[in-house]
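For reference, the structure is listed below as structure tokens.
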Amino acid sequence: MSSADAIAVQGVEHRYGDVTAVGPIDLTVPEGEFLVLVGASGCGKSTLLRLIAGFEEPTFGTVRTAGEPPVPGRGAGLVFQQPRLFPWRSVGGNVALALKYAGQPASEADVDLLLERVGLHGVARRRTWQISGGQQQRVAIARALAVDNPLLLLDEPFAALDALTRERLQEDLRRVSHETGRTCVFVTHSVDEAVFLGSRVVVLTPRPGQIALDLPITLPRTGLAPDELRGLPEFAALRAEVGAAVRTRSEVSA
Amino acid sequence: MSSADAIAVQGVEHRYGDVTAVGPIDLTVPEGEFLVLVGASGCGKSTLLRLIAGFEEPTFGTVRTAGEPPVPGRGAGLVFQQPRLFPWRSVGGNVALALKYAGQPASEADVDLLLERVGLHGVARRRTWQISGGQQQRVAIARALAVDNPLLLLDEPFAALDALTRERLQEDLRRVSHETGRTCVFVTHSVDEAVFLGSRVVVLTPRPGQIALDLPITLPRTGLAPDELRGLPEFAALRAEVGAAVRTRSEVSA
Amino acid sequence: MTSLLSAPPSAPAAERRSPLAPSGGRRRRFALRLVALLVLYGLWELAARTTRNPTFIPSPGAVWDQLIRTSTTGYSGHLLVEHLGISLRRILIGSVIGVAGGLVTGVLMGVIPWLRVVTEPVVTFVRALPPLAYFSLFIIWFGIDETPKLWLLSIAALPPVAVATAAAVQGAPTGLVEAARALGAGRWEVIRDVTLPNALPEIFTGVRLAVGMAYSSVVAAETINGVPGIGGMVRDAQRYSQTDVVVLGLFAIGLSGLLIDALLRTAENRLIPWRGRA
Amino acid sequence: MTSLLSAPPSAPAAERRSPLAPSGGRRRRFALRLVALLVLYGLWELAARTTRNPTFIPSPGAVWDQLIRTSTTGYSGHLLVEHLGISLRRILIGSVIGVAGGLVTGVLMGVIPWLRVVTEPVVTFVRALPPLAYFSLFIIWFGIDETPKLWLLSIAALPPVAVATAAAVQGAPTGLVEAARALGAGRWEVIRDVTLPNALPEIFTGVRLAVGMAYSSVVAAETINGVPGIGGMVRDAQRYSQTDVVVLGLFAIGLSGLLIDALLRTAENRLIPWRGRA
Amino acid sequence: GNGAASGGADPEKKSIRLAYQAFPSGDLVVKNQGLLEKALPDYQITWTKFDSGASINTAFVARSIDIAAIGSSPVARGLSAPLNIPYQVAFVLDVAGDNEALVARNGSGVTDVASLKGKKVGTPFASTAHYSLLAALDQAGLKESDVNIVDLEPQDIQAAWTRGDLDAAYTWLPSLAEIKKTGKVLISSRELATAGKPTLDLGVVSTDFITNHPEAVDAWRKVEAQALDLIAADPAAAAKAIGAELNLSPEEAQEQLSQGVFLKPADLASDEWLGTPDKVGKLAGNLVSAAEFLKGQQKIDAVPALADVQKAIYVQGLPGVLG
Ligand SMILES: Nc1ncnc2c1ncn2[C@@H]1O[C@H](COP(=O)(O)OP(=O)(O)OP(=O)(O)O)[C@@H](O)[C@H]1O
Ligand SMILES: Nc1ncnc2c1ncn2[C@@H]1O[C@H](COP(=O)(O)OP(=O)(O)OP(=O)(O)O)[C@@H](O)[C@H]1O
Ligand SMILES: [Mg+2]
Ligand SMILES: [Mg+2]
């Protein structure tokens, strides 16, 4: 485990009471990598993300981010599976709060900029329950993007979005992660999304989640338009490989 | 509007304060139809579903289900976009409650049966926050399936599920809706899912949602295995048509 | 966009078709209250007529006369408004101190585990103590002027806020606390931005109870050197079986209490638009 | 599967590394309390020694002696346990009636809008009234035996439960109410299965406050024919400036109050595992 | 500690803090007519109303008052251990007469004190009436435990009486007047006083204040004497002043006033009451016997010695100073 590794997961197993949710897992993520986690519902993806974010302590093994035991909110941005917006703040207020924690003066323009980045216009002054489910999820993403962390953890962030919005955000995320060199861990159920976004895809077995497939994605990260990329024969091949792994290694489980 | 229509939406427009969320919309759904709603995030799909379920009253126009103004909980089952489980009841208790409202004695076996139908085993006694996001969503589906309503309204029910689980549930729902002749309205962002499930697909424009495309799906409802169905050239053609409508008619909006 | 904000959140569906729906609700509410008031008045008049004993149940007329008299010539050397004003001042100061103290205690108790272990029993102990029992100690410690009264009222007002706050703070929603921490919030930022806003509804309930407690303690606080003061006035009247003055005092206390509670409720509705949405 | 249930939900992350983590928490807690107790005792002893006036601050020794004396030869003709037992019985009955009444009032107020319009002001009015002011009326109505005392204690215990319940019921989460209605729940099923469980944490806070209120009203209730009774004992002692007996009585009240509150908190933790998860 | 810090202990500060109670006496005349303020124009004078001797004792302990009108029973407590309040009896405001009495309710079957055995009797505990009740029982050969004595405030006695919850009650005006309408007086404090168990309302002054402001004490005694004279000479005028203080009509006040026993200023210095510097009066013995009674009730730790109580009777300048 070199100190340049953004994430180092060693022999980690996590139990909730008697339920072993994930593990044992060994996983090293070098800086700048875009890791996509795929696996059956309930296989432990969220748990693994929470372990990396520092919200859970592993029952066995160790987790290190940037060489240190992870502490929530330090060095890693996290988009939870649920939006988790603060109802006592307006939509814009939720984003402004994140900017404030990041130590930036939260001007209205900054907030609007972030909201526009996730495709939201003119909702800044609404209450959080006055926007649709997909809009809530996007506010949560905007909130996490407000802070410039070297590590970004995203738990099914685009699950509630329509195809068009989803593709736009995918492209944005792909470009930004490449340009800024941020390390990303991204959970999704969409094989297409996994292959499109990831520089590496890890497929987990059903609970307790273990690594079933660890596949580097050798597609070019720049230079190609999304449609061109999706049109590449390698893209189809990789998608087939991941899809097959998900299908064969996933069984509906508790 | 014949009284045999399961749903009759006439000149409906719904506003939240100043925001027109949907409409004007005219839509008639005959009994036994499987209607899939597709549209950009924030275009008003959930609002339309809530109008049909009776949780909102249209600002203009009328909504009728089975010829009557809709009353929540009477004649229509509804899966919300969020799981909305009762945290004071165990997972099984949530399902049991639904059975009780349906007037059935809620035996443990019945509960387990419903949970197994959505691919959940051995989680009945857990608390609602002790299961994963996808599992929560499935409990919400099981809860709605407990009641035998002639009308079933589902708001992105499979959004948080992996490909395999999702396909299984799709098949189950497709089969059941055909066998029991229940009318379904199903919201999704997946074009593939829309074409696979629907006997009719309606694509909405961005907010305020209006009907952009109203497409009957002429694929056979029985006799073909899912993979065979997906392999049909008509399937690909329909998917392309819906996909194009979504792409051209959707613009990210608030 | 601004106008969106001013639009009220759509009423919960469960109340949608209630007889008090927004349109015409005000007038209806007013009418209902008026009817209730008239019924109460009728019952009172009836009770007064049948018992025919003004020391037990003075007639509405007698109380009205006392209102006029105490407002013009006064009682125990002070006008009714003076009595009421002084007591309200005491209640106000006592409530403010008590509420502030309760908030601080409650937050600290809810947030710092080791402090809770020590403070919780102390607070529980203190709030079980009857003010009448320890009031004489206050006299000994603080004399007979304003100080012991304010202490009594503050101590009466503190527990509801402290207990409600501590309970609500402990019950802060894990999901949102985590969300704030994930965004980089420190310990105190979590408290300020999540725990406290989330506790606000319960805190408001606590505050409303606290003010009520201060009100209902005003007679106890004014047992000693309580004139001028509405509590002192009531006690005086009680000793001379001037029940009409007692009832008048009760009305003055109750009605002003009603007013303050209405203000608090209005503030609550303004400040907590998200109630029921979390 | 069963064993899963017995596993405690993982503690909220915010408290994970607190000094009172589950393992060794009990002992640590006990130690902390013991230290706090010793410190308090030290302060008391010091205060008693420096003031040197037993009417101001009786020494711990004097209170201890009174404990022995009142437990063996009695005070005002009854042993300490008799005083305490009778008062506890009154507090218990009063609390139960008050809590039950408060629950019913609160639920009705929170659920039936037109009833709220009428009841809310009445409850607010009543809870602002000082018991000392209206207690004489109770005597007229209910005599001088148990009834008026139980009424007073019930009325003292009612408001916290009623106000907390009404507030919590009004704040029922729209999302879950809709979920229940979508499943076919009727009006009362929604109340039973959503509104009430959701209000439970606040109701418990209300109940704890209510019991505290009943406790702190026991001296007021026992101003009338209050011997035997711990409140009557304290009053008697107070009038003769026997501060050591007063303090002894305060301890008896406070400690038994602490015990009951601990029971309530245990029940709360058992009954509301979902607190902070909704 | 506002009241506690300032006041009588400070010889420089010319202020007097008086505690008064709401019973008809010359004290109220002094207050209402501003007699003391006229007599001591350069003193800052504050009057504070108290509703029991116990709370006045507490206020003395807190050093919040200098002079007080207080019943003999609380004074006996104050002078005994553990309180040992440093104050002295400097005036006799009135002696309880027909304004405090034991009344049996019509229909209770009680005809005299002795027939109270097993009956329910209400009285405010720790008051002069309580003391008188126990004295009356003792006189009639009854033990305390023979009777069911119930602790009730006067207004509550009236309420309970009307309901028929009490067979008898020992109380004072105005509730006494009400219950007399449906009852029979068994014994009054006037009779007990003649039998050697008087209950009185006294004026007490803190020892510190006496030391620092003896001339102010003299002035106070003078105006109190003046008030007694007025009650004797012009009851109507006195009743008007008292009524104003008690929120009563002059007629009601005069009716109440007429039932008390008000000494002549000259009598105060007699052997019967305060006495003179040479020979302290019987009041001291009276207080000691009250203390003995309290000791019997386990309400005080020890009975003070007669000599000590005599020292706590302020007779300096008597009888001349009253003139
Ligand atoms: N507190 C808990 N107690 C017991 N079991 C739990 C708890 N939380 C999660 N689990 C179980 O641990 C497993 C992993 O949960 P996790 O949330 O990590 O799944 P996931 O891979 O994110 O699933 P999904 O795709 O549905 O979100 C699940 O089977 C779940 O039931
Ligand atoms: N209470 C409200 N007040 C104001 N605007 C609202 C309110 N609720 C919803 N909206 C707006 O109405 C529009 C339709 O919302 P709706 O939830 O129906 O969208 P949706 O199609 O379900 O979107 P998604 O796919 O993101 O769930 C959205 O643009 C939303 O911002
Ligand atoms: Mg998950
Ligand atoms: Mg939606």
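We name chains A, B, ... following the order of the structure tokens; residues begin at 1 in each chain, and ligands are numbered from 1 as shown.
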
*Could you please tell me, as a PyMOL selection string, which residues of chain D have an atom within 6 Å of chain C when using only C-alpha atoms?*
chain D and resi 12+33+118+124-125+127-130+171-174+212+215-217+254+257-258+275-277

Next item on the list: Step by step, measure atom-to-atom distances between ligand 4 and each residue using only C-alpha atoms and all ligand atoms, keep those at most 9 Å, then write them as a PyMOL selection string.
Entry: (chain A and resi 131-135+160) or (chain B and resi 41-47+49+80-81+155-156+187)

Selection to disk with C-alpha atoms, as a PDB file, in the first residue's frame:
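Result file is again.pdb:
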```pdb
ATOM      1  CA  ILE A 131     -39.206  19.808  -6.072  1.00  0.00           C
ATOM      2  CA  SER A 132     -39.464  16.424  -7.735  1.00  0.00           C
ATOM      3  CA  GLY A 133     -37.581  13.298  -6.674  1.00  0.00           C
ATOM      4  CA  GLY A 134     -35.017  13.567  -9.449  1.00  0.00           C
ATOM      5  CA  GLN A 135     -34.513  17.229  -8.685  1.00  0.00           C
ATOM      6  CA  ALA A 160     -33.834   8.841 -10.517  1.00  0.00           C
TER       7      ALA A 160
ATOM      8  CA  SER B  41     -37.033  14.739 -14.436  1.00  0.00           C
ATOM      9  CA  GLY B  42     -39.426  17.332 -13.061  1.00  0.00           C
ATOM     10  CA  CYS B  43     -41.877  17.124 -15.954  1.00  0.00           C
ATOM     11  CA  GLY B  44     -44.804  16.182 -13.716  1.00  0.00           C
ATOM     12  CA  LYS B  45     -45.016  12.392 -13.818  1.00  0.00           C
ATOM     13  CA  SER B  46     -45.334  12.012 -10.070  1.00  0.00           C
ATOM     14  CA  THR B  47     -47.851  14.821  -9.998  1.00  0.00           C
ATOM     15  CA  LEU B  49     -49.832   9.863 -10.636  1.00  0.00           C
ATOM     16  CA  PHE B  80     -44.469   6.253  -4.223  1.00  0.00           C
ATOM     17  CA  GLN B  81     -41.162   7.383  -5.615  1.00  0.00           C
ATOM     18  CA  ASP B 155     -43.671   5.670  -9.529  1.00  0.00           C
ATOM     19  CA  GLU B 156     -40.200   4.549 -10.639  1.00  0.00           C
ATOM     20  CA  VAL B 187     -43.426   5.708 -14.355  1.00  0.00           C
TER      21      VAL B 187
END
```

- Give me every strand (DSSP E) residue in range 37-153 of chain A, going by DSSP on the backbone, as a PyMOL selection string. chain A and resi 37-38+60-65+76-79+151-153

For those residues, write all heavy atoms to a file as a compact mmCIF listing (two decimals), in the first residue's frame.
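Full text of again.txt as output:
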```txt
# COMPACT_ATOMS: atom_id res chain seq x y z
N LEU A 37 -18.55 0.72 -8.83
CA LEU A 37 -18.95 -0.50 -8.11
C LEU A 37 -20.30 -0.95 -8.65
O LEU A 37 -21.25 -0.16 -8.71
CB LEU A 37 -19.09 -0.22 -6.62
CG LEU A 37 -17.82 -0.12 -5.78
CD1 LEU A 37 -18.21 0.23 -4.34
CD2 LEU A 37 -17.09 -1.45 -5.81
N VAL A 38 -20.39 -2.20 -9.02
CA VAL A 38 -21.66 -2.76 -9.50
C VAL A 38 -21.94 -4.01 -8.68
O VAL A 38 -21.03 -4.70 -8.25
CB VAL A 38 -21.55 -3.12 -11.00
CG1 VAL A 38 -22.91 -3.52 -11.54
CG2 VAL A 38 -21.00 -1.96 -11.78
N PHE A 60 -13.62 -6.19 10.68
CA PHE A 60 -12.24 -6.70 10.56
C PHE A 60 -11.53 -5.91 9.47
O PHE A 60 -12.17 -5.39 8.55
CB PHE A 60 -12.24 -8.19 10.17
CG PHE A 60 -12.95 -9.07 11.14
CD1 PHE A 60 -14.19 -9.61 10.82
CD2 PHE A 60 -12.39 -9.34 12.38
CE1 PHE A 60 -14.86 -10.42 11.73
CE2 PHE A 60 -13.06 -10.14 13.30
CZ PHE A 60 -14.30 -10.68 12.97
N GLY A 61 -10.22 -5.88 9.55
CA GLY A 61 -9.44 -5.23 8.50
C GLY A 61 -9.31 -3.73 8.70
O GLY A 61 -9.77 -3.19 9.71
N THR A 62 -8.66 -3.08 7.74
CA THR A 62 -8.44 -1.64 7.86
C THR A 62 -8.82 -0.93 6.56
O THR A 62 -8.71 -1.49 5.48
CB THR A 62 -6.95 -1.32 8.13
OG1 THR A 62 -6.17 -1.91 7.10
CG2 THR A 62 -6.50 -1.84 9.47
N VAL A 63 -9.26 0.30 6.73
CA VAL A 63 -9.53 1.17 5.60
C VAL A 63 -8.67 2.40 5.76
O VAL A 63 -8.57 2.96 6.86
CB VAL A 63 -11.03 1.58 5.56
CG1 VAL A 63 -11.27 2.56 4.43
CG2 VAL A 63 -11.92 0.37 5.42
N ARG A 64 -7.99 2.78 4.69
CA ARG A 64 -7.19 4.02 4.72
C ARG A 64 -7.56 4.85 3.51
O ARG A 64 -7.71 4.33 2.41
CB ARG A 64 -5.69 3.69 4.64
CG ARG A 64 -5.13 2.98 5.85
CD ARG A 64 -4.88 3.96 6.99
NE ARG A 64 -4.41 3.28 8.18
CZ ARG A 64 -5.20 2.63 9.04
NH1 ARG A 64 -6.48 2.57 8.81
NH2 ARG A 64 -4.70 2.05 10.10
N THR A 65 -7.71 6.13 3.71
CA THR A 65 -7.82 7.04 2.56
C THR A 65 -6.69 8.03 2.68
O THR A 65 -6.48 8.61 3.75
CB THR A 65 -9.16 7.79 2.55
OG1 THR A 65 -9.34 8.45 3.78
CG2 THR A 65 -10.33 6.84 2.32
N ALA A 76 -13.16 13.75 1.63
CA ALA A 76 -14.01 12.95 0.75
C ALA A 76 -15.41 13.54 0.71
O ALA A 76 -16.01 13.81 1.76
CB ALA A 76 -14.07 11.50 1.24
N GLY A 77 -15.91 13.77 -0.51
CA GLY A 77 -17.30 14.17 -0.67
C GLY A 77 -18.15 12.94 -0.86
O GLY A 77 -17.69 11.95 -1.43
N LEU A 78 -19.37 12.94 -0.33
CA LEU A 78 -20.21 11.75 -0.41
C LEU A 78 -21.62 12.12 -0.83
O LEU A 78 -22.23 13.02 -0.25
CB LEU A 78 -20.22 11.05 0.97
CG LEU A 78 -21.12 9.84 1.15
CD1 LEU A 78 -20.82 8.76 0.14
CD2 LEU A 78 -20.98 9.28 2.57
N VAL A 79 -22.10 11.46 -1.88
CA VAL A 79 -23.52 11.58 -2.22
C VAL A 79 -24.19 10.30 -1.75
O VAL A 79 -23.85 9.22 -2.21
CB VAL A 79 -23.73 11.75 -3.73
CG1 VAL A 79 -25.21 11.81 -4.06
CG2 VAL A 79 -23.02 12.99 -4.22
N LEU A 151 -11.38 13.22 -3.09
CA LEU A 151 -12.07 11.95 -3.25
C LEU A 151 -13.57 12.21 -3.33
O LEU A 151 -14.11 13.01 -2.54
CB LEU A 151 -11.74 11.06 -2.04
CG LEU A 151 -12.28 9.63 -2.03
CD1 LEU A 151 -11.80 8.84 -3.23
CD2 LEU A 151 -11.83 8.94 -0.74
N LEU A 152 -14.23 11.56 -4.28
CA LEU A 152 -15.67 11.76 -4.43
C LEU A 152 -16.35 10.40 -4.42
O LEU A 152 -16.02 9.53 -5.24
CB LEU A 152 -15.94 12.50 -5.75
CG LEU A 152 -17.29 13.20 -5.91
CD1 LEU A 152 -17.54 14.14 -4.74
CD2 LEU A 152 -17.32 13.96 -7.22
N LEU A 153 -17.29 10.21 -3.49
CA LEU A 153 -17.97 8.93 -3.37
C LEU A 153 -19.43 9.14 -3.74
O LEU A 153 -20.12 9.99 -3.14
CB LEU A 153 -17.87 8.41 -1.93
CG LEU A 153 -16.45 8.39 -1.35
CD1 LEU A 153 -16.48 8.09 0.15
CD2 LEU A 153 -15.60 7.37 -2.09
```

Q: Going by DSSP on the backbone, which bits of range 62-190 of chain C are alpha helix (DSSP H)? Write them as a ChimeraX atom specification, please.
A: /C:62-72,80-111,113-128,131-142,146-170,174-182,187-190

So how far away is CA of Gln88 in chain E from CA of Ile313 in chain E, in Å?
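Computing the Euclidean distance for CA of Ile313 in chain E and CA of Gln88 in chain E yields 5.4 Å.
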
Check your understanding: Do you know which residues are at most 10 Å from Val9 in chain B counting only C-alpha atoms, after dropping those on the same chain fewer than 3 positions away, and could you put them as a list in words?
Key ->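 Result of the neighbour search: Met1, Val12, Glu13, Pro24, Ile25, Asp26, Leu27, Thr28, Val29, Leu48, Leu51, Ile52, Pro58, Gly61, Thr62, Val63, Arg64 and Thr65 of chain B.
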